[in-house]
Structure formats: structure tokens, C-alpha cells
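**Student:** Structure supplied as input.json; contents: JSON, C-alpha atoms and all ligand atoms.
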```json
[["chain", "number", "residue", "atom", "x", "y", "z"],
["A", 1, "MET", "CA", 79.08, 49.57, 59.17],
["A", 2, "SER", "CA", 76.58, 47.28, 60.89],
["A", 3, "THR", "CA", 72.87, 47.87, 60.46],
["A", 4, "THR", "CA", 70.35, 46.98, 63.15],
["A", 5, "GLN", "CA", 66.94, 45.88, 61.98],
["A", 6, "GLU", "CA", 64.00, 46.97, 64.15],
["A", 7, "SER", "CA", 61.87, 44.02, 65.29],
["A", 8, "PRO", "CA", 58.26, 44.09, 64.09],
["A", 9, "ARG", "CA", 55.64, 45.66, 66.34],
["A", 10, "VAL", "CA", 53.24, 43.25, 68.02],
["A", 11, "ALA", "CA", 49.44, 43.48, 67.96],
["A", 12, "LEU", "CA", 46.65, 41.61, 69.77],
["A", 13, "VAL", "CA", 43.15, 41.42, 68.26],
["A", 14, "THR", "CA", 40.26, 40.02, 70.33],
["A", 15, "GLY", "CA", 37.21, 38.36, 68.78],
["A", 16, "ALA", "CA", 39.36, 37.57, 65.74],
["A", 17, "ALA", "CA", 38.06, 34.16, 64.64],
["A", 18, "GLN", "CA", 35.69, 35.75, 62.12],
["A", 19, "GLY", "CA", 34.20, 38.98, 60.81],
["A", 20, "ILE", "CA", 35.75, 42.38, 61.52],
["A", 21, "GLY", "CA", 38.33, 41.02, 63.98],
["A", 22, "LYS", "CA", 39.67, 38.55, 61.41],
["A", 23, "GLY", "CA", 39.83, 41.34, 58.82],
["A", 24, "ILE", "CA", 41.78, 43.54, 61.25],
["A", 25, "ALA", "CA", 44.22, 40.75, 62.17],
["A", 26, "LEU", "CA", 44.97, 40.01, 58.50],
["A", 27, "ARG", "CA", 45.36, 43.70, 57.68],
["A", 28, "LEU", "CA", 47.79, 44.32, 60.56],
["A", 29, "ALA", "CA", 49.80, 41.25, 59.48],
["A", 30, "ALA", "CA", 49.89, 42.61, 55.91],
["A", 31, "ASP", "CA", 51.11, 45.91, 57.41],
["A", 32, "GLY", "CA", 54.09, 44.01, 58.85],
["A", 33, "LEU", "CA", 53.04, 43.49, 62.46],
["A", 34, "ASP", "CA", 53.23, 40.19, 64.34],
["A", 35, "VAL", "CA", 49.65, 39.46, 65.43],
["A", 36, "ALA", "CA", 48.26, 37.50, 68.39],
["A", 37, "VAL", "CA", 44.64, 36.51, 67.87],
["A", 38, "ASN", "CA", 41.98, 35.77, 70.48],
["A", 39, "ASP", "CA", 38.50, 34.30, 70.57],
["A", 40, "ILE", "CA", 36.39, 32.01, 72.75],
["A", 41, "GLY", "CA", 37.18, 28.29, 72.95],
["A", 42, "ALA", "CA", 34.18, 27.36, 70.77],
["A", 43, "ASN", "CA", 35.95, 29.08, 67.84],
["A", 44, "GLY", "CA", 39.35, 27.52, 68.58],
["A", 45, "ASP", "CA", 39.72, 25.78, 65.20],
["A", 46, "GLN", "CA", 38.99, 28.97, 63.22],
["A", 47, "LEU", "CA", 41.39, 30.87, 65.47],
["A", 48, "LYS", "CA", 44.24, 28.38, 64.92],
["A", 49, "ALA", "CA", 43.61, 28.49, 61.15],
["A", 50, "LEU", "CA", 43.87, 32.30, 61.27],
["A", 51, "ALA", "CA", 47.15, 32.15, 63.22],
["A", 52, "GLU", "CA", 48.50, 29.76, 60.55],
["A", 53, "GLU", "CA", 47.35, 32.11, 57.79],
["A", 54, "ILE", "CA", 49.20, 34.99, 59.48],
["A", 55, "GLU", "CA", 52.33, 32.83, 59.79],
["A", 56, "SER", "CA", 52.04, 31.94, 56.08],
["A", 57, "MET", "CA", 52.32, 35.70, 55.43],
["A", 58, "GLY", "CA", 55.77, 35.63, 57.06],
["A", 59, "ARG", "CA", 54.64, 37.09, 60.38],
["A", 60, "ARG", "CA", 54.63, 35.55, 63.85],
["A", 61, "SER", "CA", 51.30, 34.74, 65.49],
["A", 62, "THR", "CA", 49.82, 33.02, 68.50],
["A", 63, "ALA", "CA", 46.23, 31.87, 69.02],
["A", 64, "ILE", "CA", 44.88, 32.54, 72.51],
["A", 65, "GLU", "CA", 41.49, 31.24, 73.61],
["A", 66, "ALA", "CA", 40.05, 33.48, 76.34],
["A", 67, "ASP", "CA", 36.76, 35.03, 77.37],
["A", 68, "VAL", "CA", 37.30, 38.81, 77.42],
["A", 69, "ALA", "CA", 34.71, 39.14, 80.19],
["A", 70, "ASP", "CA", 36.97, 37.18, 82.58],
["A", 71, "PRO", "CA", 39.62, 39.36, 84.30],
["A", 72, "ALA", "CA", 42.04, 36.48, 85.00],
["A", 73, "ALA", "CA", 41.73, 35.17, 81.44],
["A", 74, "VAL", "CA", 42.42, 38.63, 79.98],
["A", 75, "GLN", "CA", 45.51, 39.06, 82.16],
["A", 76, "THR", "CA", 46.77, 35.60, 81.15],
["A", 77, "MET", "CA", 46.10, 36.47, 77.49],
["A", 78, "VAL", "CA", 48.19, 39.66, 77.63],
["A", 79, "ASP", "CA", 50.97, 37.84, 79.53],
["A", 80, "ARG", "CA", 50.96, 35.18, 76.80],
["A", 81, "VAL", "CA", 51.28, 37.77, 74.04],
["A", 82, "ALA", "CA", 54.34, 39.22, 75.81],
["A", 83, "ALA", "CA", 55.80, 35.73, 76.44],
["A", 84, "ASP", "CA", 55.14, 34.35, 72.92],
["A", 85, "LEU", "CA", 55.78, 37.46, 70.80],
["A", 86, "GLY", "CA", 58.01, 39.55, 73.09],
["A", 87, "ARG", "CA", 55.91, 42.66, 73.75],
["A", 88, "LEU", "CA", 52.56, 44.36, 73.00],
["A", 89, "ASP", "CA", 52.39, 47.54, 70.92],
["A", 90, "VAL", "CA", 48.84, 47.54, 69.54],
["A", 91, "ALA", "CA", 45.76, 46.15, 71.35],
["A", 92, "VAL", "CA", 42.46, 45.94, 69.49],
["A", 93, "ALA", "CA", 39.50, 45.24, 71.83],
["A", 94, "ASN", "CA", 37.18, 44.06, 69.08],
["A", 95, "ALA", "CA", 35.16, 41.21, 70.66],
["A", 96, "GLY", "CA", 31.46, 41.94, 71.04],
["A", 97, "ILE", "CA", 27.97, 40.46, 70.90],
["A", 98, "ALA", "CA", 24.57, 41.87, 69.90],
["A", 99, "ASP", "CA", 21.13, 41.17, 71.37],
["A", 100, "VAL", "CA", 17.97, 42.27, 69.60],
["A", 101, "LYS", "CA", 15.10, 42.76, 72.05],
["A", 102, "PRO", "CA", 12.75, 45.49, 73.28],
["A", 103, "LEU", "CA", 14.05, 47.08, 76.50],
["A", 104, "LEU", "CA", 10.86, 46.06, 78.32],
["A", 105, "GLU", "CA", 11.54, 42.38, 77.54],
["A", 106, "THR", "CA", 15.26, 42.44, 78.38],
["A", 107, "THR", "CA", 16.12, 40.75, 81.68],
["A", 108, "PRO", "CA", 18.76, 42.14, 84.06],
["A", 109, "GLU", "CA", 20.77, 38.95, 83.45],
["A", 110, "GLU", "CA", 20.72, 39.51, 79.67],
["A", 111, "PHE", "CA", 21.72, 43.16, 80.19],
["A", 112, "ASP", "CA", 24.63, 42.16, 82.47],
["A", 113, "HIS", "CA", 25.83, 39.44, 80.09],
["A", 114, "LEU", "CA", 25.98, 41.83, 77.15],
["A", 115, "MET", "CA", 27.74, 44.51, 79.23],
["A", 116, "SER", "CA", 30.23, 41.95, 80.58],
["A", 117, "ILE", "CA", 31.55, 41.38, 77.04],
["A", 118, "ASN", "CA", 30.94, 44.68, 75.22],
["A", 119, "LEU", "CA", 31.91, 47.07, 78.04],
["A", 120, "ARG", "CA", 33.70, 45.21, 80.84],
["A", 121, "GLY", "CA", 35.57, 43.14, 78.24],
["A", 122, "VAL", "CA", 36.81, 46.32, 76.56],
["A", 123, "TYR", "CA", 37.73, 47.84, 79.95],
["A", 124, "LEU", "CA", 39.65, 44.67, 80.92],
["A", 125, "CYS", "CA", 41.51, 44.55, 77.59],
["A", 126, "TYR", "CA", 42.28, 48.30, 77.64],
["A", 127, "THR", "CA", 43.70, 48.21, 81.19],
["A", 128, "ALA", "CA", 45.66, 44.95, 80.86],
["A", 129, "ALA", "CA", 47.17, 46.22, 77.60],
["A", 130, "ALA", "CA", 48.01, 49.63, 79.10],
["A", 131, "LYS", "CA", 49.77, 48.01, 82.09],
["A", 132, "GLN", "CA", 51.90, 45.90, 79.74],
["A", 133, "MET", "CA", 52.72, 48.92, 77.52],
["A", 134, "ILE", "CA", 53.68, 51.05, 80.54],
["A", 135, "LYS", "CA", 55.84, 48.22, 81.93],
["A", 136, "GLN", "CA", 57.73, 47.68, 78.67],
["A", 137, "GLY", "CA", 57.96, 51.43, 77.82],
["A", 138, "GLY", "CA", 57.76, 53.10, 74.42],
["A", 139, "GLY", "CA", 54.06, 53.92, 74.32],
["A", 140, "GLY", "CA", 51.41, 52.05, 72.37],
["A", 141, "LYS", "CA", 48.13, 52.08, 70.53],
["A", 142, "ILE", "CA", 44.90, 50.92, 72.17],
["A", 143, "ILE", "CA", 41.88, 50.61, 69.91],
["A", 144, "GLY", "CA", 38.28, 49.64, 70.75],
["A", 145, "ALA", "CA", 35.16, 48.54, 68.90],
["A", 146, "ALA", "CA", 32.37, 51.07, 69.24],
["A", 147, "SER", "CA", 29.66, 51.56, 66.57],
["A", 148, "ILE", "CA", 27.50, 54.20, 64.97],
["A", 149, "VAL", "CA", 25.05, 53.35, 67.78],
["A", 150, "ALA", "CA", 27.55, 55.03, 70.14],
["A", 151, "TYR", "CA", 26.16, 58.27, 68.65],
["A", 152, "ARG", "CA", 22.54, 57.34, 67.82],
["A", 153, "PRO", "CA", 21.03, 54.13, 69.22],
["A", 154, "PHE", "CA", 19.08, 51.59, 67.20],
["A", 155, "ALA", "CA", 15.66, 50.71, 68.66],
["A", 156, "LEU", "CA", 15.56, 47.04, 69.76],
["A", 157, "LEU", "CA", 19.33, 47.20, 70.34],
["A", 158, "GLY", "CA", 19.10, 49.28, 73.54],
["A", 159, "PRO", "CA", 21.66, 47.58, 75.83],
["A", 160, "TYR", "CA", 23.97, 47.02, 72.82],
["A", 161, "SER", "CA", 23.74, 50.72, 71.92],
["A", 162, "ALA", "CA", 24.36, 51.71, 75.55],
["A", 163, "SER", "CA", 27.43, 49.46, 75.68],
["A", 164, "LYS", "CA", 28.93, 51.11, 72.60],
["A", 165, "TRP", "CA", 28.08, 54.60, 73.92],
["A", 166, "ALA", "CA", 29.97, 53.64, 77.09],
["A", 167, "VAL", "CA", 32.96, 52.40, 75.06],
["A", 168, "ARG", "CA", 33.13, 55.92, 73.59],
["A", 169, "GLY", "CA", 33.28, 57.41, 77.11],
["A", 170, "LEU", "CA", 35.81, 54.85, 78.33],
["A", 171, "THR", "CA", 37.98, 55.57, 75.29],
["A", 172, "GLN", "CA", 38.01, 59.29, 76.11],
["A", 173, "ALA", "CA", 38.88, 58.69, 79.80],
["A", 174, "ALA", "CA", 41.65, 56.20, 78.95],
["A", 175, "ALA", "CA", 43.08, 58.63, 76.38],
["A", 176, "MET", "CA", 43.27, 61.35, 79.04],
["A", 177, "GLU", "CA", 44.90, 59.11, 81.67],
["A", 178, "TRP", "CA", 47.44, 57.35, 79.45],
["A", 179, "ALA", "CA", 48.62, 60.21, 77.21],
["A", 180, "GLN", "CA", 51.45, 60.74, 79.73],
["A", 181, "HIS", "CA", 52.69, 57.25, 78.79],
["A", 182, "ASN", "CA", 52.53, 58.01, 75.06],
["A", 183, "ILE", "CA", 49.64, 55.58, 74.66],
["A", 184, "THR", "CA", 46.88, 56.71, 72.29],
["A", 185, "VAL", "CA", 43.36, 55.31, 72.73],
["A", 186, "ASN", "CA", 40.80, 55.51, 69.92],
["A", 187, "ALA", "CA", 37.73, 53.59, 68.77],
["A", 188, "TYR", "CA", 36.20, 52.68, 65.42],
["A", 189, "CYS", "CA", 32.48, 53.03, 64.78],
["A", 190, "PRO", "CA", 31.35, 50.77, 61.93],
["A", 191, "GLY", "CA", 27.86, 51.03, 60.48],
["A", 192, "ILE", "CA", 26.39, 47.93, 58.85],
["A", 193, "VAL", "CA", 29.03, 45.32, 58.17],
["A", 194, "GLY", "CA", 27.98, 42.05, 56.53],
["A", 195, "THR", "CA", 29.18, 39.63, 59.21],
["A", 196, "ALA", "CA", 27.63, 36.91, 61.39],
["A", 197, "MET", "CA", 26.58, 39.69, 63.78],
["A", 198, "TRP", "CA", 24.36, 41.32, 61.16],
["A", 199, "ASP", "CA", 22.99, 37.91, 60.05],
["A", 200, "HIS", "CA", 21.82, 37.56, 63.65],
["A", 201, "ILE", "CA", 20.50, 41.15, 63.88],
["A", 202, "ASP", "CA", 18.64, 40.77, 60.57],
["A", 203, "GLU", "CA", 17.05, 37.49, 61.65],
["A", 204, "GLU", "CA", 15.95, 38.88, 65.03],
["A", 205, "LEU", "CA", 14.70, 42.22, 63.65],
["A", 206, "ALA", "CA", 12.72, 40.27, 61.05],
["A", 207, "LYS", "CA", 10.96, 38.33, 63.83],
["A", 208, "HIS", "CA", 10.13, 41.49, 65.80],
["A", 209, "GLU", "CA", 9.05, 43.56, 62.80],
["A", 210, "GLY", "CA", 7.30, 40.80, 60.81],
["A", 211, "LEU", "CA", 9.75, 41.03, 57.91],
["A", 212, "ARG", "CA", 11.21, 38.29, 55.70],
["A", 213, "LYS", "CA", 14.84, 37.26, 56.26],
["A", 214, "GLY", "CA", 17.12, 39.80, 54.58],
["A", 215, "ALA", "CA", 14.56, 42.59, 54.64],
["A", 216, "ALA", "CA", 15.86, 44.29, 57.80],
["A", 217, "ILE", "CA", 19.42, 44.65, 56.54],
["A", 218, "GLU", "CA", 18.05, 45.90, 53.20],
["A", 219, "LYS", "CA", 15.90, 48.47, 55.02],
["A", 220, "HIS", "CA", 18.80, 49.72, 57.18],
["A", 221, "SER", "CA", 21.14, 49.74, 54.19],
["A", 222, "GLU", "CA", 18.97, 52.39, 52.53],
["A", 223, "LEU", "CA", 20.58, 54.77, 55.06],
["A", 224, "ILE", "CA", 24.08, 54.20, 53.60],
["A", 225, "HIS", "CA", 24.98, 57.11, 51.33],
["A", 226, "LEU", "CA", 27.84, 55.21, 49.68],
["A", 227, "GLY", "CA", 25.26, 52.66, 48.60],
["A", 228, "ARG", "CA", 26.65, 49.34, 49.80],
["A", 229, "VAL", "CA", 26.88, 47.29, 52.98],
["A", 230, "SER", "CA", 30.35, 47.49, 54.55],
["A", 231, "VAL", "CA", 32.89, 44.64, 54.49],
["A", 232, "PRO", "CA", 35.44, 43.94, 57.29],
["A", 233, "GLU", "CA", 38.25, 45.29, 55.06],
["A", 234, "ASP", "CA", 36.66, 48.79, 55.17],
["A", 235, "VAL", "CA", 36.97, 48.82, 58.96],
["A", 236, "ALA", "CA", 40.38, 47.11, 58.96],
["A", 237, "ALA", "CA", 41.81, 49.85, 56.72],
["A", 238, "PHE", "CA", 40.86, 52.46, 59.30],
["A", 239, "VAL", "CA", 42.19, 50.35, 62.20],
["A", 240, "SER", "CA", 45.44, 50.03, 60.23],
["A", 241, "TYR", "CA", 45.69, 53.83, 60.38],
["A", 242, "LEU", "CA", 44.86, 53.91, 64.11],
["A", 243, "ALA", "CA", 47.59, 51.30, 64.71],
["A", 244, "SER", "CA", 50.17, 53.22, 62.67],
["A", 245, "LYS", "CA", 52.47, 56.13, 63.47],
["A", 246, "ASP", "CA", 50.34, 58.28, 61.15],
["A", 247, "SER", "CA", 47.74, 58.55, 63.93],
["A", 248, "ASP", "CA", 50.25, 59.51, 66.64],
["A", 249, "TYR", "CA", 48.61, 62.92, 67.21],
["A", 250, "MET", "CA", 45.08, 61.51, 67.53],
["A", 251, "THR", "CA", 43.64, 60.24, 70.81],
["A", 252, "GLY", "CA", 40.26, 59.86, 72.54],
["A", 253, "GLN", "CA", 38.33, 59.75, 69.27],
["A", 254, "SER", "CA", 35.52, 57.38, 68.24],
["A", 255, "VAL", "CA", 35.28, 57.71, 64.49],
["A", 256, "MET", "CA", 32.48, 56.66, 62.16],
["A", 257, "ILE", "CA", 33.53, 54.38, 59.30],
["A", 258, "ASP", "CA", 30.04, 53.65, 58.01],
["A", 259, "GLY", "CA", 29.69, 54.70, 54.36],
["A", 260, "GLY", "CA", 27.88, 57.85, 55.44],
["A", 261, "ILE", "CA", 24.99, 56.78, 57.69],
["A", 262, "GLN", "CA", 25.64, 58.90, 60.76],
["A", 263, "PHE", "CA", 27.35, 62.28, 60.99],
["A", 264, "SER", "CA", 28.84, 63.57, 64.25],
["A", 301, "LIG", "N1", 28.86, 43.93, 62.13],
["A", 301, "LIG", "C1", 28.55, 45.21, 62.29],
["A", 301, "LIG", "O1", 27.77, 45.76, 61.51],
["A", 301, "LIG", "C2", 29.15, 46.02, 63.39],
["A", 301, "LIG", "C3", 29.97, 45.48, 64.35],
["A", 301, "LIG", "N2", 30.47, 46.29, 65.34],
["A", 301, "LIG", "C4", 31.34, 45.75, 66.38],
["A", 301, "LIG", "O2", 32.51, 45.19, 65.80],
["A", 301, "LIG", "C5", 32.97, 44.09, 66.57],
["A", 301, "LIG", "C6", 33.09, 42.87, 65.68],
["A", 301, "LIG", "O3", 31.81, 42.59, 65.12],
["A", 301, "LIG", "P1", 31.55, 41.46, 64.00],
["A", 301, "LIG", "O4", 32.82, 40.99, 63.43],
["A", 301, "LIG", "O5", 30.49, 41.98, 63.14],
["A", 301, "LIG", "O6", 30.93, 40.32, 64.93],
["A", 301, "LIG", "P2", 31.01, 38.73, 64.81],
["A", 301, "LIG", "O7", 29.90, 38.23, 65.65],
["A", 301, "LIG", "O8", 31.11, 38.30, 63.40],
["A", 301, "LIG", "O9", 32.42, 38.41, 65.52],
["A", 301, "LIG", "C7", 32.62, 38.71, 66.87],
["A", 301, "LIG", "C8", 33.66, 37.76, 67.42],
["A", 301, "LIG", "O10", 33.81, 38.05, 68.82],
["A", 301, "LIG", "C9", 33.91, 36.82, 69.50],
["A", 301, "LIG", "N3", 33.51, 36.96, 70.91],
["A", 301, "LIG", "C10", 32.26, 37.09, 71.40],
["A", 301, "LIG", "N4", 32.28, 37.08, 72.74],
["A", 301, "LIG", "C11", 33.58, 36.94, 73.10],
["A", 301, "LIG", "C12", 34.24, 36.85, 74.35],
["A", 301, "LIG", "N5", 33.56, 36.91, 75.51],
["A", 301, "LIG", "N6", 35.58, 36.71, 74.38],
["A", 301, "LIG", "C13", 36.29, 36.64, 73.21],
["A", 301, "LIG", "N7", 35.71, 36.71, 71.99],
["A", 301, "LIG", "C14", 34.37, 36.86, 71.94],
["A", 301, "LIG", "C15", 32.96, 35.91, 68.75],
["A", 301, "LIG", "O11", 33.20, 34.54, 69.04],
["A", 301, "LIG", "C16", 33.24, 36.28, 67.31],
["A", 301, "LIG", "O12", 34.27, 35.53, 66.73],
["A", 301, "LIG", "C17", 31.95, 43.92, 67.70],
["A", 301, "LIG", "O13", 32.40, 44.58, 68.87],
["A", 301, "LIG", "C18", 30.71, 44.62, 67.15],
["A", 301, "LIG", "O14", 29.86, 45.07, 68.18],
["A", 301, "LIG", "C19", 30.18, 47.62, 65.41],
["A", 301, "LIG", "C20", 29.37, 48.18, 64.49],
["A", 301, "LIG", "C21", 28.79, 47.44, 63.40],
["A", 302, "LIG", "C1", 25.86, 45.99, 64.87],
["A", 302, "LIG", "C2", 25.98, 47.44, 64.93],
["A", 302, "LIG", "O1", 26.70, 48.00, 65.75],
["A", 302, "LIG", "C3", 25.27, 48.16, 64.04],
["A", 302, "LIG", "C4", 25.25, 49.58, 64.12],
["A", 302, "LIG", "O2", 24.69, 47.63, 63.17]]
```
Starting from the file, lay out its structure as C-alpha cells.
Ligand SMILES: NC(=O)C1=CN([C@@H]2O[C@H](COP(=O)(O)OP(=O)(O)OC[C@H]3O[C@@H](n4cnc5c(N)ncnc54)[C@H](O)[C@@H]3O)[C@@H](O)[C@H]2O)C=CC1
Ligand SMILES: CC(=O)C(C)=O

**Tutor:**
Amino acid sequence: MSTTQESPRVALVTGAAQGIGKGIALRLAADGLDVAVNDIGANGDQLKALAEEIESMGRRSTAIEADVADPAAVQTMVDRVAADLGRLDVAVANAGIADVKPLLETTPEEFDHLMSINLRGVYLCYTAAAKQMIKQGGGGKIIGAASIVAYRPFALLGPYSASKWAVRGLTQAAAMEWAQHNITVNAYCPGIVGTAMWDHIDEELAKHEGLRKGAAIEKHSELIHLGRVSVPEDVAAFVSYLASKDSDYMTGQSVMIDGGIQFS
């Protein structure tokens, strides 16, 4: 009797050169998926090193430099995943940036730039991934980066909070439209994760609030009931579930994974 071995599922993670995206890419590889990783060209060396690390785990990988705010680049990225790894089963729209500024000092250009990555970038990745999944058949898992600020904004992170709130809405709409294709769409809402993004937020909040470096993250961390700042692996463990069959009956949800800061 001959046995046929199923080929591994294929994931794409954007903004994967560091932080939460890197943690997600490594977790999905450990789960047995082949993983394409994306980031901007400036992080190309880190991205290639990550792809090599994934390959050293016995999985296939491909490193794709692309700006998620650019529609043509996102389409080319998804086409490359399909060409290099054969298909796309799990898309994680993780790339994002944070600006710390009072609303009254934020320029329209700064607002648009942040939205072009945090909201339009997620929309472009969601739709390009969905088109590929529909074309190949068999459903899929689309996953986006929201935040606890999608439920309760942080002052001085107004446009950032609005972008994450909008990701929550987009995730619900996409879930409704693509359920007929057996594609689930969910988002993760981290709290305070000790990455380069929070180094930046801490530094900028310190300037605005007259605090020493490190004091802002300490102050916000007092809100965490589980008593410690999050690490990327906390978020990656939840994304692993969203990417797995175990979450097949869940769609349109944006779920807090924040150590107990915010309750919906
Ligand atoms: N760190 C935290 O506490 C939280 C983070 N998040 C979200 O999680 C996601 C990941 O955050 P972190 O790992 O902390 O941030 P990070 O700043 O450490 O990493 C973000 C990555 O995205 C990449 N990126 C930025 N713009 C891009 C673009 N246009 N195209 C492709 N890649 C781009 C960056 O180069 C970087 O490698 C973001 O969407 C963030 O908003 C949400 C809640 C809390
Ligand atoms: C960066 C971010 O989303 C928070 C809530 O800290």
C-alpha cells in the first residue's frame, strides 16, 4: 500500500525581520509550516538571516523585501510566495509602525504615512492573500496585527490607535466576505511587548511627559495583571493557534493577548 505525504502548509509573515513578526515566523516554522518572510529593504540582512534560520529548522523559506504600503510590491510578494513555495495557506499581516505625538501636532502627511502601513498595508496584504487562496482553493487563514489600542486608545498614540481600531473593523468585514471561501480572518491584539517598537514609544513618551528613559514602559507595565512585559513568543503562541486547524470555527475576532491589561 502506498502512502501519500501531505506537503507542508505555507505561511507568509510581513514585518518579520525583528520583534513579534520574527517570533511568529519562527513559531510557525516550528509548527511545521514553510514560511516566507517579508520586511523593508533596509532590514534585508536580518531578513535573509531569518530565512536561513528557518531553513536550518528543516523548513523551506524565502526572504522577500517589499513595502507593504505599495500595492504592486504586495502583489509581487504574494506571487513570489506562490512561485517559490508553491501556494499560500496562512498570511500574517504583521508589519506596522508607531508614532508618538499629540493629535494637535500631527501633520496630515504623518497621519497618511502611518495609515499607509498600518491600515492600507494590512488591507493590501489581506486582499492579495485572499485572491491567491481563492485561486488555489482549499481555504486559508488570514491574520492581522491589531493591538489593545483597537479597544481603548493610548493618548499620544492617536493615529496609531485609530489604525488598529480600523484593522479590527477590516478584519470583521473580510471575515464576513470570505467565509464562503473557507477563509478565516482574525487579528491579535498584543499589549506591551518588549520590542524595538516599545523602545521607540518609551523614548518618545519620556520626552513628552518629562520622564527618564525606561520610566514610561515601567508606568504602563503597572497595568499588566500578569506582572511582566510581554515577549514576542507570547503573541506567536496565539498566532500559532489562529494559523492552525484548531481555530477553524473562529472568524472576525480581534483577541487581546496582553497579560490582562484590557478586557473586552
Ligand atoms: N510591541 C508592542 O507592544 C505591540 C505591537 N503591536 C503590533 O505588532 C506588530 C509588530 O510590532 P513589533 O514587532 O513590536 O514592531 P517592530 O518595530 O519591532 O517590528 C516591526 C517590523 O515591521 C517592519 N515594517 C515597518 N514598515 C514596513 C513596511 N512598510 N513594509 C514591510 N515591513 C515594514 C519593520 O521594518 C520591522 O521589522 C505591529 O503591527 C505593531 O503595531 C501591537 C500591539 C503591541
Ligand atoms: C504598541 C502598542 O500597540 C501598544 C498597545 O503598546

**Student:** Residues near Glu53 in chain A, anyone? I mean within 10 Å using only C-alpha atoms, not counting same-chain ones fewer than 6 positions away, as a ChimeraX atom specification.

**Tutor:** /A:26,29,47,59,61

**Student:** Given the selection you just returned, output its residues as a file containing C-alpha atoms, formatted as a PDB file, in the frame of the given file.

**Tutor:**
```pdb
ATOM      1  CA  LEU A  26      44.970  40.010  58.500  1.00  0.00           C
ATOM      2  CA  ALA A  29      49.800  41.250  59.480  1.00  0.00           C
ATOM      3  CA  LEU A  47      41.390  30.870  65.470  1.00  0.00           C
ATOM      4  CA  ARG A  59      54.640  37.090  60.380  1.00  0.00           C
ATOM      5  CA  SER A  61      51.300  34.740  65.490  1.00  0.00           C
TER       6      SER A  61
END
```

**Student:** Mind listing the residues within 7 Å of ligand LIG 301 (chain A), all atoms listed in the file counted, as a ChimeraX atom specification?

**Tutor:** /A:14-21,38-40,43,66-69,94-98,117-118,145-148,189-198

**Student:** Would you compute the box with edges along x, y and z of the file around ligand LIG 302 (chain A), including every atom the file lists for it and 4 Å extra on each side, and give its centre and edge lengths in Å to one decimal, as AutoDock Vina command-line options?

**Tutor:**
```
--center_x 25.7 --center_y 47.8 --center_z 64.5 --size_x 10.0 --size_y 11.6 --size_z 10.6
```

**Student:** Can you tell me how far CA of Tyr188 in chain A sits from CA of Leu114 in chain A, in Å to one decimal?

**Tutor:**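 Interatomic distance, CA of Tyr188 in chain A to CA of Leu114 in chain A: 19.0 Å.
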
**Student:** Which residues come within 9 Å of Asp84 in chain A, counting all atoms listed in the file, excluding same-chain residues fewer than 2 positions away, as JSON, numbers by chain?

**Tutor:** {"A": [36, 61, 62, 79, 80, 81, 82, 86, 87]}

**Student:** N, CA and C atoms are what I want for range 230-241 of chain A; can you complete it accordingly and write them as a PDB file, in the coordinates of the input?

**Tutor:**
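out.pdb, written as the output of this step:
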```pdb
ATOM      1  N   SER A 230      28.901  47.493  54.303  1.00  0.00           N
ATOM      2  CA  SER A 230      30.350  47.490  54.550  1.00  0.00           C
ATOM      3  C   SER A 230      30.884  46.045  54.588  1.00  0.00           C
ATOM      4  N   VAL A 231      32.177  45.920  54.308  1.00  0.00           N
ATOM      5  CA  VAL A 231      32.890  44.640  54.490  1.00  0.00           C
ATOM      6  C   VAL A 231      33.974  44.866  55.550  1.00  0.00           C
ATOM      7  N   PRO A 232      34.432  43.776  56.222  1.00  0.00           N
ATOM      8  CA  PRO A 232      35.440  43.940  57.290  1.00  0.00           C
ATOM      9  C   PRO A 232      36.673  44.727  56.830  1.00  0.00           C
ATOM     10  N   GLU A 233      37.042  44.593  55.555  1.00  0.00           N
ATOM     11  CA  GLU A 233      38.250  45.290  55.060  1.00  0.00           C
ATOM     12  C   GLU A 233      38.100  46.817  55.153  1.00  0.00           C
ATOM     13  N   ASP A 234      36.858  47.339  55.034  1.00  0.00           N
ATOM     14  CA  ASP A 234      36.660  48.790  55.170  1.00  0.00           C
ATOM     15  C   ASP A 234      37.091  49.242  56.569  1.00  0.00           C
ATOM     16  N   VAL A 235      36.666  48.472  57.568  1.00  0.00           N
ATOM     17  CA  VAL A 235      36.970  48.820  58.960  1.00  0.00           C
ATOM     18  C   VAL A 235      38.446  48.579  59.238  1.00  0.00           C
ATOM     19  N   ALA A 236      38.968  47.465  58.715  1.00  0.00           N
ATOM     20  CA  ALA A 236      40.380  47.110  58.960  1.00  0.00           C
ATOM     21  C   ALA A 236      41.321  48.190  58.424  1.00  0.00           C
ATOM     22  N   ALA A 237      40.956  48.808  57.296  1.00  0.00           N
ATOM     23  CA  ALA A 237      41.810  49.850  56.720  1.00  0.00           C
ATOM     24  C   ALA A 237      41.918  51.042  57.679  1.00  0.00           C
ATOM     25  N   PHE A 238      40.826  51.355  58.343  1.00  0.00           N
ATOM     26  CA  PHE A 238      40.860  52.460  59.300  1.00  0.00           C
ATOM     27  C   PHE A 238      41.631  52.067  60.568  1.00  0.00           C
ATOM     28  N   VAL A 239      41.450  50.821  61.016  1.00  0.00           N
ATOM     29  CA  VAL A 239      42.190  50.350  62.200  1.00  0.00           C
ATOM     30  C   VAL A 239      43.693  50.327  61.890  1.00  0.00           C
ATOM     31  N   SER A 240      44.038  50.005  60.653  1.00  0.00           N
ATOM     32  CA  SER A 240      45.440  50.030  60.230  1.00  0.00           C
ATOM     33  C   SER A 240      46.021  51.429  60.479  1.00  0.00           C
ATOM     34  N   TYR A 241      45.255  52.447  60.134  1.00  0.00           N
ATOM     35  CA  TYR A 241      45.690  53.830  60.380  1.00  0.00           C
ATOM     36  C   TYR A 241      45.813  54.105  61.892  1.00  0.00           C
TER      37      TYR A 241
END
```
